[in-house]
$ cat my_file.cif   # mmCIF, C-alpha atoms
data_structure
loop_
_atom_site.group_PDB
_atom_site.id
_atom_site.type_symbol
_atom_site.label_atom_id
_atom_site.label_comp_id
_atom_site.auth_asym_id
_atom_site.auth_seq_id
_atom_site.Cartn_x
_atom_site.Cartn_y
_atom_site.Cartn_z
ATOM 1 C CA MET Z 1 106.137 117.287 110.557
ATOM 2 C CA ALA Z 2 102.732 118.633 109.589
ATOM 3 C CA PRO Z 3 102.466 117.826 105.890
ATOM 4 C CA SER Z 4 100.573 119.424 103.058
ATOM 5 C CA LYS Z 5 98.927 116.945 100.723
ATOM 6 C CA THR Z 6 98.442 119.211 97.727
ATOM 7 C CA ALA Z 7 99.760 122.180 95.826
ATOM 8 C CA GLY Z 8 98.771 125.706 96.805
ATOM 9 C CA SER Z 9 95.120 126.587 96.268
ATOM 10 C CA GLY Z 10 95.954 129.273 93.718
ATOM 11 C CA GLU Z 11 97.964 126.822 91.637
ATOM 12 C CA LEU Z 12 95.173 124.248 91.830
ATOM 13 C CA GLU Z 13 92.567 126.806 90.750
ATOM 14 C CA ARG Z 14 94.680 127.859 87.780
ATOM 15 C CA SER Z 15 95.082 124.250 86.649
ATOM 16 C CA ARG Z 16 91.322 123.732 86.800
ATOM 17 C CA GLU Z 17 90.589 126.891 84.818
ATOM 18 C CA GLU Z 18 93.162 126.154 82.139
ATOM 19 C CA ALA Z 19 92.528 122.402 81.773
ATOM 20 C CA PRO Z 20 89.441 122.304 79.501
ATOM 21 C CA SER Z 21 90.860 124.647 76.831
ATOM 22 C CA SER Z 22 94.436 123.328 76.833
ATOM 23 C CA SER Z 23 93.771 119.586 77.145
ATOM 24 C CA SER Z 24 93.327 117.283 74.157
ATOM 25 C CA ALA Z 25 91.162 115.044 76.381
ATOM 26 C CA PRO Z 26 89.082 117.326 78.643
ATOM 27 C CA ALA Z 27 87.207 114.424 80.286
ATOM 28 C CA VAL Z 28 90.464 112.846 81.413
ATOM 29 C CA THR Z 29 91.764 116.189 82.628
ATOM 30 C CA ARG Z 30 88.584 116.784 84.614
ATOM 31 C CA ALA Z 31 88.775 113.291 86.079
ATOM 32 C CA ALA Z 32 92.280 114.076 87.287
ATOM 33 C CA ALA Z 33 90.977 117.353 88.717
ATOM 34 C CA VAL Z 34 88.337 115.411 90.684
ATOM 35 C CA LEU Z 35 91.111 113.322 92.251
ATOM 36 C CA ASP Z 36 93.032 116.511 93.072
ATOM 37 C CA VAL Z 37 90.003 118.011 94.813
ATOM 38 C CA LEU Z 38 89.435 114.870 96.876
ATOM 39 C CA ALA Z 39 93.114 114.740 97.829
ATOM 40 C CA ALA Z 40 92.960 118.401 98.903
ATOM 41 C CA SER Z 41 89.852 117.936 101.034
ATOM 42 C CA ALA Z 42 90.453 118.309 104.778
ATOM 43 C CA THR Z 43 88.167 115.325 105.437
ATOM 44 C CA GLY Z 44 89.186 113.314 102.397
ATOM 45 C CA ARG Z 45 85.564 113.375 101.176
ATOM 46 C CA ALA Z 46 83.335 115.613 99.058
ATOM 47 C CA THR Z 47 79.764 115.569 97.736
ATOM 48 C CA LEU Z 48 78.731 115.762 94.101
ATOM 49 C CA SER Z 49 77.675 119.395 94.655
ATOM 50 C CA ASP Z 50 81.038 120.228 96.257
ATOM 51 C CA LEU Z 51 82.974 118.726 93.371
ATOM 52 C CA ALA Z 52 80.838 120.354 90.678
ATOM 53 C CA ARG Z 53 81.244 123.741 92.352
ATOM 54 C CA ASP Z 54 85.007 123.370 92.798
ATOM 55 C CA LEU Z 55 85.494 122.218 89.211
ATOM 56 C CA GLY Z 56 83.097 124.777 87.756
ATOM 57 C CA ILE Z 57 81.212 122.236 85.621
ATOM 58 C CA PRO Z 58 77.598 120.981 85.671
ATOM 59 C CA LYS Z 59 76.520 118.341 88.160
ATOM 60 C CA SER Z 60 75.553 116.018 85.320
ATOM 61 C CA SER Z 61 79.079 116.107 83.873
ATOM 62 C CA THR Z 62 80.612 115.670 87.321
ATOM 63 C CA SER Z 63 78.317 112.737 88.031
ATOM 64 C CA ASN Z 64 79.393 110.998 84.822
ATOM 65 C CA ILE Z 65 83.054 111.483 85.689
ATOM 66 C CA LEU Z 66 82.522 110.161 89.211
ATOM 67 C CA GLN Z 67 80.694 107.111 87.900
ATOM 68 C CA ALA Z 68 83.577 106.281 85.557
ATOM 69 C CA LEU Z 69 86.135 106.789 88.339
ATOM 70 C CA GLU Z 70 84.073 104.642 90.703
ATOM 71 C CA ASP Z 71 83.803 101.861 88.108
ATOM 72 C CA ALA Z 72 87.605 101.942 87.797
ATOM 73 C CA GLY Z 73 88.106 101.841 91.570
ATOM 74 C CA LEU Z 74 89.731 105.258 91.605
ATOM 75 C CA VAL Z 75 87.046 106.794 93.825
ATOM 76 C CA ALA Z 76 84.718 105.249 96.399
ATOM 77 C CA ARG Z 77 81.161 106.301 97.242
ATOM 78 C CA GLU Z 78 80.162 106.625 100.885
ATOM 79 C CA GLY Z 79 76.521 107.633 101.026
ATOM 80 C CA SER Z 80 76.294 111.047 99.382
ATOM 81 C CA GLU Z 81 80.067 111.606 99.561
ATOM 82 C CA PHE Z 82 83.020 110.465 97.498
ATOM 83 C CA SER Z 83 86.589 109.683 98.537
ATOM 84 C CA LEU Z 84 89.764 108.416 96.857
ATOM 85 C CA GLY Z 85 89.611 104.712 95.963
ATOM 86 C CA ARG Z 86 91.901 101.870 96.918
ATOM 87 C CA LYS Z 87 92.995 101.404 93.323
ATOM 88 C CA LEU Z 88 95.137 104.518 93.736
ATOM 89 C CA VAL Z 89 97.085 102.753 96.480
ATOM 90 C CA GLU Z 90 97.773 99.848 94.135
ATOM 91 C CA LEU Z 91 98.893 102.195 91.375
ATOM 92 C CA GLY Z 92 101.130 104.154 93.742
ATOM 93 C CA ALA Z 93 102.669 100.997 95.130
ATOM 94 C CA SER Z 94 103.295 99.711 91.617
ATOM 95 C CA TYR Z 95 105.000 102.976 90.662
ATOM 96 C CA LEU Z 96 107.224 102.963 93.738
ATOM 97 C CA SER Z 97 108.109 99.266 93.470
ATOM 98 C CA ARG Z 98 109.588 99.860 90.033
ATOM 99 C CA ARG Z 99 111.936 102.579 91.181
ATOM 100 C CA ASP Z 100 115.388 101.148 91.824
ATOM 101 C CA GLU Z 101 116.060 103.984 94.272
ATOM 102 C CA ILE Z 102 113.228 102.867 96.555
ATOM 103 C CA ARG Z 103 114.424 99.269 96.782
ATOM 104 C CA GLU Z 104 118.000 100.400 97.368
ATOM 105 C CA PHE Z 105 116.802 102.895 99.990
ATOM 106 C CA TYR Z 106 115.143 100.248 102.167
ATOM 107 C CA GLN Z 107 118.014 97.795 101.744
ATOM 108 C CA PHE Z 108 120.661 100.358 102.741
ATOM 109 C CA CYS Z 109 118.702 101.647 105.753
ATOM 110 C CA GLY Z 110 118.171 98.145 107.098
ATOM 111 C CA GLN Z 111 121.901 97.456 107.055
ATOM 112 C CA ALA Z 112 123.254 100.833 108.254
ATOM 113 C CA ALA Z 113 124.537 100.985 111.832
ATOM 114 C CA THR Z 114 122.875 104.317 112.701
ATOM 115 C CA LEU Z 115 120.045 104.707 110.164
ATOM 116 C CA SER Z 116 118.628 101.254 110.919
ATOM 117 C CA LYS Z 117 117.548 102.594 114.309
ATOM 118 C CA GLU Z 118 116.064 105.850 112.978
ATOM 119 C CA THR Z 119 113.186 107.247 110.898
ATOM 120 C CA VAL Z 120 114.579 107.823 107.396
ATOM 121 C CA ARG Z 121 112.788 109.143 104.300
ATOM 122 C CA ILE Z 122 113.442 109.747 100.624
ATOM 123 C CA ALA Z 123 111.749 112.685 98.902
ATOM 124 C CA LEU Z 124 111.399 114.244 95.471
ATOM 125 C CA LEU Z 125 111.589 117.992 94.817
ATOM 126 C CA ASP Z 126 108.457 119.290 93.065
ATOM 127 C CA GLY Z 127 108.725 123.044 92.519
ATOM 128 C CA ASP Z 128 108.824 124.648 95.967
ATOM 129 C CA HIS Z 129 107.556 121.497 97.721
ATOM 130 C CA VAL Z 130 108.866 117.989 98.347
ATOM 131 C CA ILE Z 131 106.888 114.754 98.030
ATOM 132 C CA TYR Z 132 107.856 111.843 100.282
ATOM 133 C CA LEU Z 133 108.297 108.610 98.305
ATOM 134 C CA ALA Z 134 109.374 106.151 100.995
ATOM 135 C CA ARG Z 135 109.814 105.956 104.754
ATOM 136 C CA TYR Z 136 111.986 103.527 106.698
ATOM 137 C CA GLU Z 137 111.030 103.216 110.353
ATOM 138 C CA GLY Z 138 113.685 102.231 112.847
ATOM 139 C CA HIS Z 139 112.985 101.669 116.524
ATOM 140 C CA PRO Z 140 111.355 103.747 117.809
ATOM 141 C CA ALA Z 141 109.873 105.576 114.832
ATOM 142 C CA VAL Z 142 109.186 109.320 115.048
ATOM 143 C CA ARG Z 143 105.433 109.277 114.400
ATOM 144 C CA LEU Z 144 104.772 113.026 114.191
ATOM 145 C CA THR Z 145 106.522 113.376 110.849
ATOM 146 C CA SER Z 146 105.612 113.147 107.157
ATOM 147 C CA THR Z 147 104.896 109.795 105.573
ATOM 148 C CA ILE Z 148 104.655 108.364 102.048
ATOM 149 C CA GLY Z 149 102.693 110.615 99.696
ATOM 150 C CA ASP Z 150 102.769 113.675 101.935
ATOM 151 C CA LYS Z 151 103.751 117.012 100.436
ATOM 152 C CA MET Z 152 105.700 119.629 102.384
ATOM 153 C CA PRO Z 153 106.901 123.166 101.569
ATOM 154 C CA ALA Z 154 110.629 122.875 100.903
ATOM 155 C CA SER Z 155 111.473 125.747 103.254
ATOM 156 C CA LEU Z 156 110.032 123.848 106.238
ATOM 157 C CA CYS Z 157 112.022 120.613 106.028
ATOM 158 C CA ALA Z 158 115.658 119.563 105.931
ATOM 159 C CA VAL Z 159 115.318 117.528 102.743
ATOM 160 C CA GLY Z 160 113.612 120.466 101.019
ATOM 161 C CA LYS Z 161 116.440 122.755 102.051
ATOM 162 C CA ALA Z 162 119.020 120.260 100.789
ATOM 163 C CA LEU Z 163 117.323 119.945 97.408
ATOM 164 C CA VAL Z 164 116.681 123.655 96.868
ATOM 165 C CA GLY Z 165 120.241 124.304 98.020
ATOM 166 C CA ARG Z 166 121.493 122.292 95.067
ATOM 167 C CA LEU Z 167 119.720 124.550 92.562
ATOM 168 C CA HIS Z 168 121.414 127.508 90.893
ATOM 169 C CA GLU Z 169 121.173 130.744 92.866
ATOM 170 C CA HIS Z 170 119.160 132.257 90.001
ATOM 171 C CA ASP Z 171 116.469 129.673 90.756
ATOM 172 C CA TRP Z 172 116.545 130.691 94.419
ATOM 173 C CA GLU Z 173 115.762 134.271 93.411
ATOM 174 C CA VAL Z 174 112.836 133.170 91.249
ATOM 175 C CA LEU Z 175 111.361 130.819 93.851
ATOM 176 C CA TYR Z 176 112.154 132.887 96.930
ATOM 177 C CA PRO Z 177 112.407 136.657 96.430
ATOM 178 C CA ASP Z 178 113.625 138.491 99.538
ATOM 179 C CA ASP Z 179 110.157 139.658 100.558
ATOM 180 C CA ALA Z 180 108.436 136.297 100.004
ATOM 181 C CA GLU Z 181 106.408 135.230 103.049
ATOM 182 C CA LEU Z 182 107.004 131.531 103.637
ATOM 183 C CA PRO Z 183 104.715 128.990 105.352
ATOM 184 C CA VAL Z 184 105.108 128.916 109.129
ATOM 185 C CA LEU Z 185 104.368 125.945 111.399
ATOM 186 C CA THR Z 186 106.363 126.743 114.549
ATOM 187 C CA PRO Z 187 108.109 129.775 116.092
ATOM 188 C CA HIS Z 188 111.346 128.391 114.580
ATOM 189 C CA SER Z 189 110.132 128.277 110.954
ATOM 190 C CA ILE Z 190 112.024 130.356 108.396
ATOM 191 C CA ARG Z 191 109.712 133.233 107.520
ATOM 192 C CA THR Z 192 111.069 135.105 104.487
ATOM 193 C CA GLY Z 193 112.787 134.409 101.212
ATOM 194 C CA LYS Z 194 115.792 136.410 102.376
ATOM 195 C CA GLU Z 195 116.231 134.274 105.499
ATOM 196 C CA PHE Z 196 115.812 131.097 103.480
ATOM 197 C CA LYS Z 197 118.507 132.043 100.968
ATOM 198 C CA GLU Z 198 120.907 132.803 103.808
ATOM 199 C CA GLU Z 199 120.216 129.316 105.126
ATOM 200 C CA LEU Z 200 120.750 127.800 101.667
ATOM 201 C CA ARG Z 201 124.194 129.387 101.418
ATOM 202 C CA ARG Z 202 125.167 127.821 104.760
ATOM 203 C CA ILE Z 203 123.913 124.461 103.537
ATOM 204 C CA LYS Z 204 126.021 124.631 100.366
ATOM 205 C CA GLU Z 205 129.090 125.321 102.505
ATOM 206 C CA GLN Z 206 128.574 122.515 105.027
ATOM 207 C CA GLY Z 207 127.238 119.913 102.576
ATOM 208 C CA TYR Z 208 124.094 118.949 104.479
ATOM 209 C CA ALA Z 209 120.880 120.538 105.709
ATOM 210 C CA PHE Z 210 119.661 120.730 109.290
ATOM 211 C CA GLU Z 211 116.150 121.461 110.499
ATOM 212 C CA ASP Z 212 115.739 122.514 114.119
ATOM 213 C CA GLU Z 213 112.075 122.315 115.225
ATOM 214 C CA GLU Z 214 111.001 124.277 112.136
ATOM 215 C CA SER Z 215 108.030 122.096 111.198
ATOM 216 C CA THR Z 216 107.388 120.174 114.428
ATOM 217 C CA LEU Z 217 108.341 121.226 117.944
ATOM 218 C CA GLY Z 218 110.689 118.771 119.606
ATOM 219 C CA VAL Z 219 111.847 117.265 116.301
ATOM 220 C CA VAL Z 220 115.108 117.800 114.382
ATOM 221 C CA CYS Z 221 116.141 116.494 110.986
ATOM 222 C CA VAL Z 222 119.284 116.094 108.876
ATOM 223 C CA ALA Z 223 119.254 115.711 105.075
ATOM 224 C CA VAL Z 224 121.482 115.478 101.996
ATOM 225 C CA PRO Z 225 120.674 115.457 98.250
ATOM 226 C CA VAL Z 226 121.118 112.379 96.074
ATOM 227 C CA PRO Z 227 123.580 112.870 93.181
ATOM 228 C CA THR Z 228 121.550 113.278 89.996
ATOM 229 C CA ARG Z 229 121.614 110.476 87.425
ATOM 230 C CA GLY Z 230 122.208 112.493 84.266
ATOM 231 C CA ALA Z 231 121.095 116.007 83.407
ATOM 232 C CA HIS Z 232 117.407 115.149 83.724
ATOM 233 C CA GLY Z 233 117.537 112.681 86.598
ATOM 234 C CA PRO Z 234 115.066 112.896 89.496
ATOM 235 C CA ASN Z 235 115.833 115.528 92.127
ATOM 236 C CA LEU Z 236 115.891 113.240 95.186
ATOM 237 C CA GLY Z 237 117.033 113.749 98.767
ATOM 238 C CA VAL Z 238 117.258 111.612 101.900
ATOM 239 C CA SER Z 239 116.689 112.666 105.497
ATOM 240 C CA VAL Z 240 116.698 111.260 109.006
ATOM 241 C CA THR Z 241 114.493 112.543 111.820
ATOM 242 C CA SER Z 242 115.127 112.450 115.558
ATOM 243 C CA LEU Z 243 113.718 113.761 118.822
ATOM 244 C CA LYS Z 244 115.605 116.849 119.935
ATOM 245 C CA ALA Z 245 115.580 115.786 123.596
ATOM 246 C CA THR Z 246 117.915 112.860 122.852
ATOM 247 C CA PHE Z 247 119.801 114.340 119.875
ATOM 248 C CA THR Z 248 123.566 114.890 120.168
ATOM 249 C CA GLU Z 249 126.257 116.401 117.949
ATOM 250 C CA GLU Z 250 127.957 113.007 117.756
ATOM 251 C CA GLN Z 251 124.693 111.471 116.570
ATOM 252 C CA LYS Z 252 124.289 114.189 113.937
ATOM 253 C CA LEU Z 253 127.739 113.539 112.492
ATOM 254 C CA ALA Z 254 127.068 109.797 112.321
ATOM 255 C CA MET Z 255 123.752 110.464 110.585
ATOM 256 C CA VAL Z 256 125.363 112.783 108.036
ATOM 257 C CA ARG Z 257 128.055 110.203 107.209
ATOM 258 C CA GLU Z 258 125.529 107.434 106.642
ATOM 259 C CA LEU Z 259 123.121 109.679 104.730
ATOM 260 C CA GLN Z 260 125.952 110.658 102.405
ATOM 261 C CA GLY Z 261 126.724 106.964 101.903
ATOM 262 C CA LEU Z 262 123.049 106.301 101.187
ATOM 263 C CA ALA Z 263 122.942 109.202 98.725
ATOM 264 C CA ARG Z 264 125.979 107.838 96.865
ATOM 265 C CA ALA Z 265 124.369 104.397 96.711
ATOM 266 C CA LEU Z 266 121.157 105.840 95.275
ATOM 267 C CA GLY Z 267 122.729 108.216 92.787
ATOM 268 C CA ASN Z 268 125.694 108.440 90.512
ATOM 269 C CA PRO Z 269 128.769 107.141 92.370
ATOM 270 C CA MET Z 270 130.795 109.837 90.598
ATOM 271 C CA GLY Z 271 128.426 112.582 91.707
ATOM 272 C CA GLU Z 272 129.215 114.931 94.545
ATOM 273 C CA TRP Z 273 127.816 117.993 96.279
ATOM 274 C CA SER Z 274 128.767 121.021 94.241
ATOM 275 C CA LYS Z 275 130.304 123.855 96.232
ATOM 276 C CA SER Z 276 130.728 126.092 93.228
#
$ encode --input "my_file.cif" --output "structure tokens"
Amino acid sequence: MAPSKTAGSGELERSREEAPSSSSAPAVTRAAAVLDVLAASATGRATLSDLARDLGIPKSSTSNILQALEDAGLVAREGSEFSLGRKLVELGASYLSRRDEIREFYQFCGQAATLSKETVRIALLDGDHVIYLARYEGHPAVRLTSTIGDKMPASLCAVGKALVGRLHEHDWEVLYPDDAELPVLTPHSIRTGKEFKEELRRIKEQGYAFEDEESTLGVVCVAVPVPTRGAHGPNLGVSVTSLKATFTEEQKLAMVRELQGLARALGNPMGEWSKS
């Protein structure tokens, strides 16, 4: 599945414009904005001039921020260009290792009869996107799909559908008005807010989400939400990806059963998919 690493450009621009006046620590906010710009770069690299222009601040200020980030290992210098530093990998790994859900996810997948042979992921809903937190690779793994840290529009993936489907219908209307034009990656992608809401209603009825070549041709995916731990628990979902050429209805049903078991293990055992 072709992932998106960052939020929409308009959202990113707004955050940059608002940061200096609304932040109690503008230097820290700008440092975070530098990391956002580097993450959004198509090449993963940017020059001092590029960063200063994108952030709308003087080169001297940008240079000072970059020096501090480089000293901390958060960015790396490659000639005249900068890229994200390895320290971010350590920080991300530390964050993920402390999440009980991640440890339980890998343990369950390794022991499940069907999922142990598949490519399984856990994702977090972030507005109208999902962020992939972990990926279990069975044999063989489906390599053309999102991996840890990737961000994907919710309307393009099964786990995004499953998580948005759990929201109140009022939230659907806010996020996806009927005339909203949605991201498109293949001829099978859902194109409008109206179509997406019709799909969400089907998902609420059947209790799981299915993606049929909507983000990657030749690839299908099944997903379910994880029952929320408390009113403010993380909005997590789990999905399994397969090649359409070898995918069967029997396989789909087995995947759904095990995904639902995984979701119960990760969430509140008393939780259940709401059909109200």
$ residues_around --input "my_file.cif" --residues "Leu51 of chain Z" --least-positions-apart "6" --cutoff "9 Å" --atoms "all atoms listed in the file" --output "count of residues only"
6
$ resolve_selection --input "my_file.cif" --expression "the PyMOL selection byres ((chain Z and resi 243-250) around 10)" --output "VMD selection string"
chain Z and resid 141 to 142 212 to 213 217 to 221 241 to 242 251 to 255
$ residues_around --input "my_file.cif" --residues "Val238 of chain Z" --least-positions-apart "3" --cutoff "8 Å" --atoms "only C-alpha atoms" --output "PyMOL selection string"
chain Z and resi 120-123+159+223-226+259+262-263
$ write_last_selection --input "my_file.cif" --atoms "C-alpha atoms" --output "compact mmCIF listing (two decimals), in the coordinates of the input"
# COMPACT_ATOMS: atom_id res chain seq x y z
CA VAL Z 120 114.58 107.82 107.40
CA ARG Z 121 112.79 109.14 104.30
CA ILE Z 122 113.44 109.75 100.62
CA ALA Z 123 111.75 112.68 98.90
CA VAL Z 159 115.32 117.53 102.74
CA ALA Z 223 119.25 115.71 105.08
CA VAL Z 224 121.48 115.48 102.00
CA PRO Z 225 120.67 115.46 98.25
CA VAL Z 226 121.12 112.38 96.07
CA LEU Z 259 123.12 109.68 104.73
CA LEU Z 262 123.05 106.30 101.19
CA ALA Z 263 122.94 109.20 98.72
$ closest_atom_pairs --input "my_file.cif" --of "segment 40-147 of chain Z" --to "segment 165-172 of chain Z" --cutoff "12 Å" --atoms "only C-alpha atoms" --output "JSON lines"
{"residue": "Z:Leu125", "atom": "CA", "partner": "Z:Leu167", "partner_atom": "CA", "distance": 10.7}
{"residue": "Z:Gly127", "atom": "CA", "partner": "Z:Asp171", "partner_atom": "CA", "distance": 10.3}
{"residue": "Z:Asp128", "atom": "CA", "partner": "Z:Trp172", "partner_atom": "CA", "distance": 9.9}
$ resolve_selection --input "my_file.cif" --expression "the PyMOL selection byres ((chain Z and resi 129) around 9)" --output "CSV table (one decimal) with C-alpha atoms, in the coordinates of the input"
chain,number,residue,atom,x,y,z
Z,7,ALA,CA,99.8,122.2,95.8
Z,124,LEU,CA,111.4,114.2,95.5
Z,125,LEU,CA,111.6,118.0,94.8
Z,126,ASP,CA,108.5,119.3,93.1
Z,127,GLY,CA,108.7,123.0,92.5
Z,128,ASP,CA,108.8,124.6,96.0
Z,130,VAL,CA,108.9,118.0,98.3
Z,131,ILE,CA,106.9,114.8,98.0
Z,151,LYS,CA,103.8,117.0,100.4
Z,152,MET,CA,105.7,119.6,102.4
Z,153,PRO,CA,106.9,123.2,101.6
Z,154,ALA,CA,110.6,122.9,100.9
Z,155,SER,CA,111.5,125.7,103.3
Z,160,GLY,CA,113.6,120.5,101.0
$ resolve_selection --input "my_file.cif" --expression "the PyMOL selection byres ((chain Z and resi 45) around 8)" --output "count of residues only"
11
$ atom_distance --input "my_file.cif" --atom1 "atom CA of Asp36 of chain Z" --atom2 "atom CA of Glu137 of chain Z"
28.3 Å
$ residues_around --input "my_file.cif" --residues "Asp71 of chain Z" --least-positions-apart "5" --cutoff "12 Å" --atoms "only C-alpha atoms" --output "number ranges by chain"
Z: 64-66, 76-77, 85-87
$ closest_residue --input "my_file.cif" --among "Z:Leu156, Z:Val164, Z:Ala112, Z:Ala32" --to "Arg201 of chain Z" --atoms "only C-alpha atoms"
Z:Val164
$ residues_around --input "my_file.cif" --residues "Phe196 of chain Z" --least-positions-apart "6" --cutoff "12 Å" --atoms "all atoms listed in the file" --output "PyMOL selection string"
chain Z and resi 154-158+160-162+164-165+169+172-173+175-183+189-190+202-203+209+211
$ closest_residue --input "my_file.cif" --among "Z:Ser80, Z:Thr216, Z:Thr147, Z:Ser49" --to "Ser61 of chain Z" --atoms "only C-alpha atoms"
Z:Ser49
$ atom_distance --input "my_file.cif" --atom1 "atom CA of Glu104 of chain Z" --atom2 "atom CA of Thr119 of chain Z"
15.9 Å
$ closest_residue --input "my_file.cif" --among "Z:Pro26, Z:Val256, Z:Leu163, Z:Val174" --to "Gly193 of chain Z" --atoms "only C-alpha atoms"
Z:Val174
$ atom_distance --input "my_file.cif" --atom1 "atom CA of Arg135 of chain Z" --atom2 "atom CA of Leu185 of chain Z"
21.8 Å
$ build_atoms --input "my_file.cif" --residues "segment 76-93 of chain Z" --atoms "N, CA and C atoms" --output "PDB file, in the frame of the given file"
ATOM      1  N   ALA Z  76      85.681 106.085  95.687  1.00  0.00           N
ATOM      2  CA  ALA Z  76      84.718 105.249  96.399  1.00  0.00           C
ATOM      3  C   ALA Z  76      83.561 106.123  96.855  1.00  0.00           C
ATOM      4  N   ARG Z  77      82.356 105.569  96.806  1.00  0.00           N
ATOM      5  CA  ARG Z  77      81.161 106.301  97.242  1.00  0.00           C
ATOM      6  C   ARG Z  77      80.807 105.880  98.666  1.00  0.00           C
ATOM      7  N   GLU Z  78      80.577 106.869  99.509  1.00  0.00           N
ATOM      8  CA  GLU Z  78      80.162 106.625 100.885  1.00  0.00           C
ATOM      9  C   GLU Z  78      78.927 107.468 101.151  1.00  0.00           C
ATOM     10  N   GLY Z  79      77.750 106.871 100.917  1.00  0.00           N
ATOM     11  CA  GLY Z  79      76.521 107.633 101.026  1.00  0.00           C
ATOM     12  C   GLY Z  79      76.462 108.693  99.949  1.00  0.00           C
ATOM     13  N   SER Z  80      76.351 109.945 100.348  1.00  0.00           N
ATOM     14  CA  SER Z  80      76.294 111.047  99.382  1.00  0.00           C
ATOM     15  C   SER Z  80      77.676 111.644  99.113  1.00  0.00           C
ATOM     16  N   GLU Z  81      78.716 111.055  99.693  1.00  0.00           N
ATOM     17  CA  GLU Z  81      80.067 111.606  99.561  1.00  0.00           C
ATOM     18  C   GLU Z  81      80.983 110.644  98.803  1.00  0.00           C
ATOM     19  N   PHE Z  82      82.038 111.229  98.242  1.00  0.00           N
ATOM     20  CA  PHE Z  82      83.020 110.465  97.498  1.00  0.00           C
ATOM     21  C   PHE Z  82      84.395 110.652  98.142  1.00  0.00           C
ATOM     22  N   SER Z  83      85.218 109.617  98.028  1.00  0.00           N
ATOM     23  CA  SER Z  83      86.589 109.683  98.537  1.00  0.00           C
ATOM     24  C   SER Z  83      87.506 108.965  97.553  1.00  0.00           C
ATOM     25  N   LEU Z  84      88.816 109.108  97.723  1.00  0.00           N
ATOM     26  CA  LEU Z  84      89.764 108.416  96.857  1.00  0.00           C
ATOM     27  C   LEU Z  84      89.629 106.909  97.028  1.00  0.00           C
ATOM     28  N   GLY Z  85      89.780 106.165  95.933  1.00  0.00           N
ATOM     29  CA  GLY Z  85      89.611 104.712  95.963  1.00  0.00           C
ATOM     30  C   GLY Z  85      90.899 103.959  96.213  1.00  0.00           C
ATOM     31  N   ARG Z  86      90.744 102.704  96.588  1.00  0.00           N
ATOM     32  CA  ARG Z  86      91.901 101.870  96.918  1.00  0.00           C
ATOM     33  C   ARG Z  86      92.784 101.576  95.703  1.00  0.00           C
ATOM     34  N   LYS Z  87      92.202 101.662  94.525  1.00  0.00           N
ATOM     35  CA  LYS Z  87      92.995 101.404  93.323  1.00  0.00           C
ATOM     36  C   LYS Z  87      94.184 102.349  93.232  1.00  0.00           C
ATOM     37  N   LEU Z  88      94.030 103.560  93.755  1.00  0.00           N
ATOM     38  CA  LEU Z  88      95.137 104.518  93.736  1.00  0.00           C
ATOM     39  C   LEU Z  88      96.307 104.026  94.567  1.00  0.00           C
ATOM     40  N   VAL Z  89      96.017 103.323  95.660  1.00  0.00           N
ATOM     41  CA  VAL Z  89      97.085 102.753  96.480  1.00  0.00           C
ATOM     42  C   VAL Z  89      97.858 101.714  95.679  1.00  0.00           C
ATOM     43  N   GLU Z  90      97.118 100.866  94.953  1.00  0.00           N
ATOM     44  CA  GLU Z  90      97.773  99.848  94.135  1.00  0.00           C
ATOM     45  C   GLU Z  90      98.651 100.487  93.063  1.00  0.00           C
ATOM     46  N   LEU Z  91      98.127 101.524  92.425  1.00  0.00           N
ATOM     47  CA  LEU Z  91      98.893 102.195  91.375  1.00  0.00           C
ATOM     48  C   LEU Z  91     100.143 102.856  91.946  1.00  0.00           C
ATOM     49  N   GLY Z  92      99.977 103.522  93.111  1.00  0.00           N
ATOM     50  CA  GLY Z  92     101.130 104.154  93.742  1.00  0.00           C
ATOM     51  C   GLY Z  92     102.174 103.144  94.155  1.00  0.00           C
ATOM     52  N   ALA Z  93     101.732 102.034  94.716  1.00  0.00           N
ATOM     53  CA  ALA Z  93     102.669 100.997  95.130  1.00  0.00           C
ATOM     54  C   ALA Z  93     103.400 100.404  93.937  1.00  0.00           C
TER      55      ALA Z  93
END
